[in-house]
$ cat run-v1.pdb   # PDB, C-alpha atoms
ATOM      1  CA  GLN D   1      19.671 -13.593 -17.765  1.00  0.00           C
ATOM      2  CA  VAL D   2      16.967 -11.451 -19.293  1.00  0.00           C
ATOM      3  CA  GLN D   3      14.263 -13.482 -20.960  1.00  0.00           C
ATOM      4  CA  LEU D   4      11.114 -12.359 -22.767  1.00  0.00           C
ATOM      5  CA  VAL D   5       8.523 -14.858 -23.960  1.00  0.00           C
ATOM      6  CA  GLU D   6       5.571 -13.805 -26.115  1.00  0.00           C
ATOM      7  CA  SER D   7       2.338 -15.708 -26.499  1.00  0.00           C
ATOM      8  CA  GLY D   8      -1.189 -15.208 -27.777  1.00  0.00           C
ATOM      9  CA  GLY D   9      -0.672 -14.945 -31.507  1.00  0.00           C
ATOM     10  CA  GLY D  10      -2.812 -16.773 -34.022  1.00  0.00           C
ATOM     11  CA  LEU D  11      -5.102 -16.575 -37.030  1.00  0.00           C
ATOM     12  CA  VAL D  12      -8.031 -14.166 -36.798  1.00  0.00           C
ATOM     13  CA  PRO D  13     -10.495 -12.786 -39.375  1.00  0.00           C
ATOM     14  CA  ALA D  14     -10.478  -9.140 -40.296  1.00  0.00           C
ATOM     15  CA  GLY D  15     -12.275  -7.118 -37.658  1.00  0.00           C
ATOM     16  CA  GLY D  16     -11.338  -9.558 -34.938  1.00  0.00           C
ATOM     17  CA  SER D  17      -9.292  -9.199 -31.771  1.00  0.00           C
ATOM     18  CA  LEU D  18      -6.306 -10.793 -30.083  1.00  0.00           C
ATOM     19  CA  ARG D  19      -4.408 -10.218 -26.860  1.00  0.00           C
ATOM     20  CA  LEU D  20      -0.696 -10.807 -26.836  1.00  0.00           C
ATOM     21  CA  SER D  21       1.270 -11.415 -23.655  1.00  0.00           C
ATOM     22  CA  CYS D  22       4.965 -11.115 -22.910  1.00  0.00           C
ATOM     23  CA  ALA D  23       6.334 -12.703 -19.762  1.00  0.00           C
ATOM     24  CA  ALA D  24       9.598 -11.224 -18.525  1.00  0.00           C
ATOM     25  CA  SER D  25      12.212 -12.672 -16.206  1.00  0.00           C
ATOM     26  CA  GLY D  26      15.801 -12.156 -15.136  1.00  0.00           C
ATOM     27  CA  TYR D  27      15.582  -8.489 -14.196  1.00  0.00           C
ATOM     28  CA  VAL D  28      13.531  -5.990 -12.183  1.00  0.00           C
ATOM     29  CA  PHE D  29      10.593  -5.700 -14.567  1.00  0.00           C
ATOM     30  CA  ARG D  30       8.928  -2.687 -12.936  1.00  0.00           C
ATOM     31  CA  GLU D  31      11.991  -0.508 -13.579  1.00  0.00           C
ATOM     32  CA  TYR D  32      11.951  -0.687 -17.374  1.00  0.00           C
ATOM     33  CA  ALA D  33       9.707   0.585 -20.119  1.00  0.00           C
ATOM     34  CA  MET D  34       8.479  -2.167 -22.437  1.00  0.00           C
ATOM     35  CA  GLY D  35       7.693  -1.991 -26.114  1.00  0.00           C
ATOM     36  CA  TRP D  36       5.948  -3.994 -28.802  1.00  0.00           C
ATOM     37  CA  PHE D  37       7.278  -4.141 -32.344  1.00  0.00           C
ATOM     38  CA  ARG D  38       6.208  -6.091 -35.422  1.00  0.00           C
ATOM     39  CA  GLN D  39       7.798  -7.348 -38.590  1.00  0.00           C
ATOM     40  CA  ALA D  40       5.947  -8.342 -41.738  1.00  0.00           C
ATOM     41  CA  PRO D  41       7.610 -10.481 -44.424  1.00  0.00           C
ATOM     42  CA  GLY D  42      10.093  -8.446 -46.426  1.00  0.00           C
ATOM     43  CA  GLU D  43       9.673  -5.444 -44.161  1.00  0.00           C
ATOM     44  CA  GLU D  44      11.760  -3.884 -41.421  1.00  0.00           C
ATOM     45  CA  ARG D  45      10.786  -4.333 -37.818  1.00  0.00           C
ATOM     46  CA  GLU D  46       8.556  -1.419 -36.832  1.00  0.00           C
ATOM     47  CA  PHE D  47       7.444   0.159 -33.612  1.00  0.00           C
ATOM     48  CA  VAL D  48       3.911  -0.539 -32.394  1.00  0.00           C
ATOM     49  CA  ALA D  49       3.585   0.693 -28.807  1.00  0.00           C
ATOM     50  CA  VAL D  50       5.506   1.379 -25.598  1.00  0.00           C
ATOM     51  CA  ILE D  51       4.519   1.629 -21.959  1.00  0.00           C
ATOM     52  CA  ALA D  52       6.589   3.477 -19.391  1.00  0.00           C
ATOM     53  CA  TRP D  53       7.986   1.920 -16.258  1.00  0.00           C
ATOM     54  CA  ASN D  54       5.870   4.354 -14.203  1.00  0.00           C
ATOM     55  CA  LEU D  55       2.506   6.117 -14.214  1.00  0.00           C
ATOM     56  CA  GLY D  56       1.103   3.987 -17.025  1.00  0.00           C
ATOM     57  CA  ARG D  57       2.246   6.383 -19.745  1.00  0.00           C
ATOM     58  CA  THR D  58       1.891   4.992 -23.247  1.00  0.00           C
ATOM     59  CA  PHE D  59       2.733   5.904 -26.822  1.00  0.00           C
ATOM     60  CA  TYR D  60       1.495   4.317 -30.050  1.00  0.00           C
ATOM     61  CA  ALA D  61       2.341   4.209 -33.713  1.00  0.00           C
ATOM     62  CA  ASP D  62      -0.216   6.118 -35.749  1.00  0.00           C
ATOM     63  CA  SER D  63      -1.176   2.951 -37.595  1.00  0.00           C
ATOM     64  CA  VAL D  64      -2.500   1.293 -34.429  1.00  0.00           C
ATOM     65  CA  LYS D  65      -3.665   4.253 -32.358  1.00  0.00           C
ATOM     66  CA  GLY D  66      -7.236   3.779 -31.199  1.00  0.00           C
ATOM     67  CA  ARG D  67      -7.202   0.060 -32.020  1.00  0.00           C
ATOM     68  CA  PHE D  68      -4.370  -1.350 -29.877  1.00  0.00           C
ATOM     69  CA  THR D  69      -3.827  -0.968 -26.142  1.00  0.00           C
ATOM     70  CA  ILE D  70      -0.604  -1.718 -24.308  1.00  0.00           C
ATOM     71  CA  SER D  71      -0.689  -2.464 -20.590  1.00  0.00           C
ATOM     72  CA  ARG D  72       1.456  -4.085 -17.930  1.00  0.00           C
ATOM     73  CA  ASP D  73       1.034  -6.038 -14.723  1.00  0.00           C
ATOM     74  CA  ASN D  74       4.148  -5.578 -12.611  1.00  0.00           C
ATOM     75  CA  ALA D  75       2.996  -8.217 -10.128  1.00  0.00           C
ATOM     76  CA  LYS D  76       3.049 -10.769 -12.944  1.00  0.00           C
ATOM     77  CA  ASN D  77       6.093  -9.373 -14.781  1.00  0.00           C
ATOM     78  CA  THR D  78       3.968  -9.278 -17.918  1.00  0.00           C
ATOM     79  CA  VAL D  79       3.200  -6.752 -20.627  1.00  0.00           C
ATOM     80  CA  TYR D  80       0.140  -7.079 -22.854  1.00  0.00           C
ATOM     81  CA  LEU D  81      -0.986  -5.860 -26.244  1.00  0.00           C
ATOM     82  CA  GLU D  82      -4.738  -5.836 -26.786  1.00  0.00           C
ATOM     83  CA  MET D  83      -5.447  -5.638 -30.518  1.00  0.00           C
ATOM     84  CA  ASN D  84      -8.904  -4.800 -31.840  1.00  0.00           C
ATOM     85  CA  SER D  85     -10.348  -4.110 -35.292  1.00  0.00           C
ATOM     86  CA  LEU D  86      -7.536  -6.085 -36.844  1.00  0.00           C
ATOM     87  CA  ASN D  87      -6.967  -5.868 -40.580  1.00  0.00           C
ATOM     88  CA  PRO D  88      -4.723  -7.834 -42.969  1.00  0.00           C
ATOM     89  CA  GLU D  89      -2.082  -5.082 -42.789  1.00  0.00           C
ATOM     90  CA  ASP D  90      -1.562  -6.030 -39.134  1.00  0.00           C
ATOM     91  CA  THR D  91      -0.256  -9.448 -40.167  1.00  0.00           C
ATOM     92  CA  ALA D  92       3.279  -9.807 -38.809  1.00  0.00           C
ATOM     93  CA  VAL D  93       5.460 -11.419 -36.204  1.00  0.00           C
ATOM     94  CA  TYR D  94       5.028  -9.419 -33.007  1.00  0.00           C
ATOM     95  CA  TYR D  95       7.935  -8.949 -30.601  1.00  0.00           C
ATOM     96  CA  CYS D  96       8.133  -7.504 -27.131  1.00  0.00           C
ATOM     97  CA  ALA D  97      11.292  -5.713 -26.082  1.00  0.00           C
ATOM     98  CA  ARG D  98      12.890  -4.034 -23.085  1.00  0.00           C
ATOM     99  CA  ASP D  99      14.105  -0.427 -23.078  1.00  0.00           C
ATOM    100  CA  ARG D 100      17.852  -0.571 -22.628  1.00  0.00           C
ATOM    101  CA  ILE D 101      17.903   2.231 -20.032  1.00  0.00           C
ATOM    102  CA  ARG D 102      16.531   1.615 -16.562  1.00  0.00           C
ATOM    103  CA  LEU D 103      14.014   4.181 -15.242  1.00  0.00           C
ATOM    104  CA  ARG D 104      14.121   6.177 -18.471  1.00  0.00           C
ATOM    105  CA  ALA D 105      11.446   8.886 -18.544  1.00  0.00           C
ATOM    106  CA  PRO D 106      10.902   9.538 -22.276  1.00  0.00           C
ATOM    107  CA  LEU D 107       9.014   6.920 -24.262  1.00  0.00           C
ATOM    108  CA  ILE D 108      11.167   5.612 -27.094  1.00  0.00           C
ATOM    109  CA  SER D 109      10.103   4.184 -30.437  1.00  0.00           C
ATOM    110  CA  ARG D 110      13.550   3.520 -31.997  1.00  0.00           C
ATOM    111  CA  ARG D 111      14.271  -0.196 -31.948  1.00  0.00           C
ATOM    112  CA  GLU D 112      17.992   0.488 -31.423  1.00  0.00           C
ATOM    113  CA  GLU D 113      17.095   1.649 -27.911  1.00  0.00           C
ATOM    114  CA  TYR D 114      15.807  -1.783 -26.910  1.00  0.00           C
ATOM    115  CA  ASP D 115      18.311  -4.355 -25.711  1.00  0.00           C
ATOM    116  CA  ALA D 116      16.338  -7.528 -25.088  1.00  0.00           C
ATOM    117  CA  TRP D 117      13.822  -9.184 -27.388  1.00  0.00           C
ATOM    118  CA  GLY D 118      11.474 -12.104 -27.295  1.00  0.00           C
ATOM    119  CA  GLN D 119      11.296 -14.782 -29.963  1.00  0.00           C
ATOM    120  CA  GLY D 120       8.117 -13.330 -31.452  1.00  0.00           C
ATOM    121  CA  THR D 121       4.576 -14.556 -31.959  1.00  0.00           C
ATOM    122  CA  GLN D 122       2.847 -14.755 -35.333  1.00  0.00           C
ATOM    123  CA  VAL D 123      -0.340 -12.793 -35.924  1.00  0.00           C
ATOM    124  CA  THR D 124      -2.192 -13.487 -39.161  1.00  0.00           C
ATOM    125  CA  VAL D 125      -5.322 -11.565 -40.122  1.00  0.00           C
ATOM    126  CA  SER D 126      -7.381 -13.033 -42.930  1.00  0.00           C
ATOM    127  CA  SER D 127      -9.421 -10.873 -45.275  1.00  0.00           C
TER     128      SER D 127
END
$ encode --input "run-v1.pdb" --output "structure tokens"
Amino acid sequence: QVQLVESGGGLVPAGGSLRLSCAASGYVFREYAMGWFRQAPGEEREFVAVIAWNLGRTFYADSVKGRFTISRDNAKNTVYLEMNSLNPEDTAVYYCARDRIRLRAPLISRREEYDAWGQGTQVTVSS
């Protein structure tokens, strides 16, 4: 079955950096776009970034554009989220997710279009 496992979260001071990883298994990883979402306490889960299954195309939420970078290594079945210039507003549980449609061309930010989720990894940015 499809399994996504995030890692790399932690406590970091404002201005610091973290790299999150998401290891995928149970399906043909290279054929699906992958997204990162986050959820702060009392808030809805929100889109962060997505990377296409092909050509390295990416799309970011405005709040992280220029600070976060999503990438993937199809040989390792892993998607990454490099986070720089972190601020306390980035504090949340971060989730990776799989686009529900195989080989989809458009990059999707709606969480309803993702059908598999990891358990999440906590990122806490201190001020």
$ resolve_selection --input "run-v1.pdb" --expression "the PyMOL selection byres ((chain D and resi 29-41) around 9)" --output "PyMOL selection string"
chain D and resi 24-28+42-54+70+72-75+77-81+89-105+107-109+111+114+120
$ atom_distance --input "run-v1.pdb" --atom1 "CA of Lys76 (chain D)" --atom2 "CA of Pro13 (chain D)"
29.8 Å
$ closest_residue --input "run-v1.pdb" --among "D:Lys65, D:Ala23, D:Gln1, D:Gly9" --to "Gly118 (chain D)" --atoms "all atoms listed in the file"
D:Ala23
$ closest_residue --input "run-v1.pdb" --among "D:Leu18, D:Leu11, D:Leu4, D:Thr58" --to "Ser126 (chain D)" --atoms "only C-alpha atoms"
D:Leu11
$ atom_distance --input "run-v1.pdb" --atom1 "CA of Thr69 (chain D)" --atom2 "CA of Asn87 (chain D)"
15.6 Å
$ atom_distance --input "run-v1.pdb" --atom1 "CA of Pro88 (chain D)" --atom2 "CA of Ser71 (chain D)"
23.4 Å
$ closest_residue --input "run-v1.pdb" --among "D:Asn84, D:Thr121, D:Ser21, D:Ser7" --to "Val64 (chain D)" --atoms "all atoms listed in the file"
D:Asn84
$ closest_residue --input "run-v1.pdb" --among "D:Arg57, D:Met83, D:Trp117, D:Arg110" --to "Gly8 (chain D)" --atoms "all atoms listed in the file"
D:Met83
$ build_atoms --input "run-v1.pdb" --residues "region 73-92 of chain D" --atoms "N, CA, C and O atoms" --output "short mmCIF file (atom, residue, chain, number, x, y, z; two decimals), in the coordinates of the input"
data_model
loop_
_atom_site.label_atom_id
_atom_site.label_comp_id
_atom_site.auth_asym_id
_atom_site.auth_seq_id
_atom_site.Cartn_x
_atom_site.Cartn_y
_atom_site.Cartn_z
N ASP D 73 1.36 -5.59 -16.07
CA ASP D 73 1.03 -6.04 -14.72
C ASP D 73 2.37 -6.34 -14.05
O ASP D 73 2.97 -7.39 -14.29
N ASN D 74 2.83 -5.40 -13.22
CA ASN D 74 4.15 -5.58 -12.61
C ASN D 74 4.18 -6.74 -11.62
O ASN D 74 5.23 -7.33 -11.38
N ALA D 75 3.04 -7.08 -11.05
CA ALA D 75 3.00 -8.22 -10.13
C ALA D 75 3.23 -9.54 -10.86
O ALA D 75 3.72 -10.51 -10.26
N LYS D 76 2.88 -9.55 -12.14
CA LYS D 76 3.05 -10.77 -12.94
C LYS D 76 4.23 -10.68 -13.91
O LYS D 76 4.44 -11.60 -14.70
N ASN D 77 4.96 -9.57 -13.86
CA ASN D 77 6.09 -9.37 -14.78
C ASN D 77 5.68 -9.59 -16.23
O ASN D 77 6.39 -10.25 -17.02
N THR D 78 4.54 -9.03 -16.60
CA THR D 78 3.97 -9.28 -17.92
C THR D 78 3.48 -7.98 -18.55
O THR D 78 2.90 -7.13 -17.86
N VAL D 79 3.73 -7.85 -19.84
CA VAL D 79 3.20 -6.75 -20.63
C VAL D 79 2.25 -7.34 -21.67
O VAL D 79 2.48 -8.45 -22.17
N TYR D 80 1.19 -6.60 -21.96
CA TYR D 80 0.14 -7.08 -22.85
C TYR D 80 -0.03 -6.12 -24.04
O TYR D 80 0.28 -4.93 -23.95
N LEU D 81 -0.57 -6.67 -25.12
CA LEU D 81 -0.99 -5.86 -26.24
C LEU D 81 -2.37 -6.35 -26.67
O LEU D 81 -2.50 -7.44 -27.23
N GLU D 82 -3.37 -5.54 -26.37
CA GLU D 82 -4.74 -5.84 -26.79
C GLU D 82 -4.93 -5.24 -28.17
O GLU D 82 -4.74 -4.03 -28.36
N MET D 83 -5.32 -6.08 -29.12
CA MET D 83 -5.45 -5.64 -30.52
C MET D 83 -6.88 -5.84 -30.98
O MET D 83 -7.38 -6.97 -30.96
N ASN D 84 -7.53 -4.76 -31.37
CA ASN D 84 -8.90 -4.80 -31.84
C ASN D 84 -8.99 -4.28 -33.27
O ASN D 84 -8.06 -3.64 -33.77
N SER D 85 -10.11 -4.57 -33.92
CA SER D 85 -10.35 -4.11 -35.29
C SER D 85 -9.16 -4.45 -36.19
O SER D 85 -8.68 -3.61 -36.96
N LEU D 86 -8.71 -5.67 -36.08
CA LEU D 86 -7.54 -6.08 -36.84
C LEU D 86 -7.84 -6.11 -38.34
O LEU D 86 -8.97 -6.43 -38.76
N ASN D 87 -6.84 -5.79 -39.13
CA ASN D 87 -6.97 -5.87 -40.58
C ASN D 87 -5.76 -6.60 -41.15
O ASN D 87 -4.76 -6.80 -40.44
N PRO D 88 -5.83 -7.03 -42.41
CA PRO D 88 -4.72 -7.83 -42.97
C PRO D 88 -3.36 -7.14 -42.90
O PRO D 88 -2.34 -7.82 -42.83
N GLU D 89 -3.35 -5.80 -42.88
CA GLU D 89 -2.08 -5.08 -42.79
C GLU D 89 -1.42 -5.24 -41.42
O GLU D 89 -0.25 -4.89 -41.25
N ASP D 90 -2.14 -5.77 -40.46
CA ASP D 90 -1.56 -6.03 -39.13
C ASP D 90 -0.85 -7.38 -39.07
O ASP D 90 -0.23 -7.70 -38.05
N THR D 91 -0.93 -8.16 -40.13
CA THR D 91 -0.26 -9.45 -40.17
C THR D 91 1.25 -9.28 -40.06
O THR D 91 1.86 -8.54 -40.84
N ALA D 92 1.84 -9.95 -39.07
CA ALA D 92 3.28 -9.81 -38.81
C ALA D 92 3.66 -10.72 -37.65
O ALA D 92 2.79 -11.27 -36.97
#
